[in-house]
Amino acid sequence: MNQSRPKVKKSRALGIALTPKAVKYFEQRPYPPGEHGRGRKQNSDYKVRLLEKQRLRAQYDISERQMARAYDRARKVEGKTGEALIVELERRLDALVLRAGLARTIYQARQMVVHGHIAVNERKVDKPSFRVRPDDVVQVRERSRDKHPFQVAREGGYAGEGETPRYLQVNLQALAFRLDRDPNRKEIPVICDEQLVVEYYAR
């Protein structure tokens, strides 16, 4: 089933392009979908915070329950809760598969993990929510390397979507990467005012 249309509508509703395909649609119609998309809207404080939380959730393609759990873990970390929340989400296996250039979108990255194509420290991991730790080595499993998406990745076909973040050491030829250290918030390519997300959950 072609999911491009719903992703485009979702992108326009949230005000961010969630897939490379959505970018061109988004440039043509940078307003919410629907008959009244271009009309003026009254934004309450609650609505602004809710929208920011939904935008963050959409960029990692996670459920509300997963988001709330990540927030609870972030609250226990010293320092700014909002920054800790984004770092927490960025350490998800599917997110790092995307950042390393092994997948084109977060949806494809999740599918790769769920279908058992990815190993962490030479052990198969099929949970997208698996939290990668510094010095963990992530690679495409031997039996999956000849599949078309990974051949595209090896040629750098997905890496052009953005720069590889500094917290990752990537070897596309080997279809492998290592998390060198915990990411810093400013290095994470996510569009979000995380303070609004914190205020949403703290209400």
# chains A, B, ... in the order shown; residues from 1 in each chain; ligands from 1
>>> residues_around(residues="Cys192 of chain A", least_positions_apart="2", cutoff="9 Å", atoms="only C-alpha atoms", output="ChimeraX atom specification")
/A:52-53,55-56,190,194-197
>>> write_last_selection(atoms="N, CA, C and O atoms", output="compact mmCIF listing (two decimals), in the first residue's frame")
# COMPACT_ATOMS: atom_id res chain seq x y z
N GLU A 52 3.65 20.66 19.38
CA GLU A 52 5.10 20.43 19.44
C GLU A 52 5.41 19.00 19.86
O GLU A 52 6.30 18.35 19.33
N LYS A 53 4.60 18.49 20.81
CA LYS A 53 4.76 17.09 21.24
C LYS A 53 4.46 16.13 20.09
O LYS A 53 5.18 15.17 19.86
N ARG A 55 4.71 16.79 16.91
CA ARG A 55 5.78 16.91 15.91
C ARG A 55 6.98 16.05 16.29
O ARG A 55 7.57 15.38 15.44
N LEU A 56 7.34 16.08 17.57
CA LEU A 56 8.47 15.28 18.02
C LEU A 56 8.16 13.79 17.88
O LEU A 56 8.97 13.01 17.38
N VAL A 190 16.73 17.23 14.65
CA VAL A 190 15.29 17.12 14.89
C VAL A 190 14.75 18.54 15.09
O VAL A 190 15.36 19.35 15.77
N GLU A 194 11.93 21.68 22.47
CA GLU A 194 11.67 20.63 23.47
C GLU A 194 11.11 21.17 24.79
O GLU A 194 10.46 20.44 25.54
N GLN A 195 11.35 22.47 25.08
CA GLN A 195 10.81 23.04 26.31
C GLN A 195 9.29 23.01 26.30
O GLN A 195 8.66 22.77 27.33
N LEU A 196 8.69 23.22 25.13
CA LEU A 196 7.23 23.16 25.02
C LEU A 196 6.72 21.74 25.29
O LEU A 196 5.65 21.55 25.85
N VAL A 197 7.51 20.75 24.88
CA VAL A 197 7.13 19.34 25.11
C VAL A 197 7.16 19.05 26.62
O VAL A 197 6.26 18.41 27.17
>>> closest_residue(among="A:Asp135, A:Glu199, A:Glu78, A:Asp61", to="Arg110 of chain A", atoms="only C-alpha atoms")
A:Asp61
>>> closest_residue(among="A:His115, A:Arg131, A:Arg57, A:Arg73", to="Leu14 of chain A", atoms="only C-alpha atoms")
A:Arg57
>>> residues_around(residues="segment 145-157 of chain A", least_positions_apart="2", cutoff="6 Å", atoms="only C-alpha atoms", output="MDAnalysis selection string")
chainID A and resid 102 142:143 159 172:173
>>> residues_around(residues="Val198 of chain A", least_positions_apart="4", cutoff="8 Å", atoms="only C-alpha atoms", output="number ranges by chain")
A: 71, 81-82, 194, 202
>>> write_last_selection(atoms="N, CA, C and O atoms", output="tab-separated table (two decimals), in the first residue's frame")
chain	number	residue	atom	x	y	z
A	71	TYR	N	9.89	10.34	28.32
A	71	TYR	CA	9.85	11.56	29.15
A	71	TYR	C	10.13	11.22	30.61
A	71	TYR	O	10.90	11.92	31.29
A	81	THR	N	15.59	18.62	31.16
A	81	THR	CA	14.75	17.47	30.82
A	81	THR	C	14.48	17.39	29.32
A	81	THR	O	14.51	16.31	28.73
A	82	GLY	N	14.24	18.53	28.69
A	82	GLY	CA	13.93	18.54	27.26
A	82	GLY	C	15.08	18.00	26.42
A	82	GLY	O	14.87	17.19	25.52
A	194	GLU	N	11.93	21.68	22.47
A	194	GLU	CA	11.67	20.63	23.47
A	194	GLU	C	11.11	21.17	24.79
A	194	GLU	O	10.46	20.44	25.54
A	202	ALA	N	4.38	18.39	31.87
A	202	ALA	CA	4.44	18.86	33.27
A	202	ALA	C	3.14	19.54	33.71
A	202	ALA	O	3.02	19.91	34.86
>>> residues_around(residues="Ala95 of chain A", least_positions_apart="6", cutoff="8 Å", atoms="only C-alpha atoms", output="list in words")
Tyr60, Leu89, Ile106 and Ala109 of chain A
>>> residues_around(residues="His117 of chain A", least_positions_apart="2", cutoff="7 Å", atoms="only C-alpha atoms", output="PyMOL selection string")
chain A and resi 112-113+115+119+140-141+144
>>> write_last_selection(atoms="all heavy atoms", output="short mmCIF file (atom, residue, chain, number, x, y, z; two decimals), in the first residue's frame")
data_model
loop_
_atom_site.label_atom_id
_atom_site.label_comp_id
_atom_site.auth_asym_id
_atom_site.auth_seq_id
_atom_site.Cartn_x
_atom_site.Cartn_y
_atom_site.Cartn_z
N MET A 112 13.35 -2.26 8.74
CA MET A 112 14.61 -3.02 8.69
C MET A 112 14.89 -3.71 10.01
O MET A 112 15.31 -4.87 10.05
CB MET A 112 15.77 -2.08 8.35
CG MET A 112 15.79 -1.61 6.91
SD MET A 112 17.06 -0.34 6.66
CE MET A 112 17.00 -0.15 4.86
N VAL A 113 14.64 -3.00 11.11
CA VAL A 113 14.89 -3.57 12.44
C VAL A 113 13.89 -4.68 12.74
O VAL A 113 14.27 -5.79 13.12
CB VAL A 113 14.84 -2.48 13.53
CG1 VAL A 113 15.01 -3.10 14.92
CG2 VAL A 113 15.93 -1.41 13.30
N HIS A 115 12.17 -6.54 10.81
CA HIS A 115 12.33 -7.74 9.97
C HIS A 115 13.62 -8.50 10.23
O HIS A 115 13.95 -9.45 9.52
CB HIS A 115 12.24 -7.34 8.49
CG HIS A 115 10.86 -6.96 8.08
ND1 HIS A 115 10.53 -6.54 6.81
CD2 HIS A 115 9.69 -6.90 8.78
CE1 HIS A 115 9.24 -6.27 6.76
NE2 HIS A 115 8.71 -6.48 7.94
N ALA A 119 21.86 -6.14 13.44
CA ALA A 119 22.49 -6.74 14.63
C ALA A 119 23.22 -5.66 15.42
O ALA A 119 23.76 -4.71 14.85
CB ALA A 119 23.48 -7.83 14.21
N VAL A 140 24.34 -4.38 9.45
CA VAL A 140 23.37 -5.20 8.74
C VAL A 140 23.85 -6.64 8.79
O VAL A 140 25.04 -6.92 8.59
CB VAL A 140 23.24 -4.72 7.27
CG1 VAL A 140 22.30 -5.64 6.49
CG2 VAL A 140 22.75 -3.28 7.22
N ARG A 141 22.95 -7.57 9.09
CA ARG A 141 23.32 -8.97 9.22
C ARG A 141 23.77 -9.53 7.86
O ARG A 141 23.29 -9.11 6.81
CB ARG A 141 22.15 -9.78 9.79
CG ARG A 141 21.80 -9.35 11.22
CD ARG A 141 20.60 -10.10 11.73
NE ARG A 141 20.92 -11.51 11.95
CZ ARG A 141 20.03 -12.49 11.89
NH1 ARG A 141 18.77 -12.23 11.60
NH2 ARG A 141 20.39 -13.73 12.12
N SER A 144 21.39 -10.49 5.09
CA SER A 144 20.52 -9.44 4.54
C SER A 144 21.24 -8.48 3.60
O SER A 144 20.61 -7.65 2.96
CB SER A 144 19.91 -8.63 5.69
OG SER A 144 19.22 -9.46 6.59
#
>>> select_by_dssp(residues="segment 62-179 of chain A", states="helix (DSSP H, G or I)", output="JSON, numbers by chain")
{"A": [64, 65, 66, 67, 68, 69, 70, 71, 72, 73, 74, 75, 81, 82, 83, 84, 85, 86, 87, 88, 89, 90, 93, 94, 95, 96, 97, 98, 99, 106, 107, 108, 109, 110, 111, 112, 113, 114, 142, 143, 144, 148, 149, 150, 151, 152, 153, 154, 159, 160, 161]}
>>> closest_residue(among="A:Arg65, A:Arg12, A:Tyr107, A:Ala70", to="Val87 of chain A", atoms="only C-alpha atoms")
A:Ala70
>>> select_by_dssp(residues="segment 12-196 of chain A", states="strand (DSSP E)", output="list in words")
Ile118, Ala119, Val120, Arg123, Lys124, Val137, Val138, Gln139, Val140, Leu168, Gln169, Val170, Asn171, Ala176, Phe177, Arg178 and Leu179 of chain A
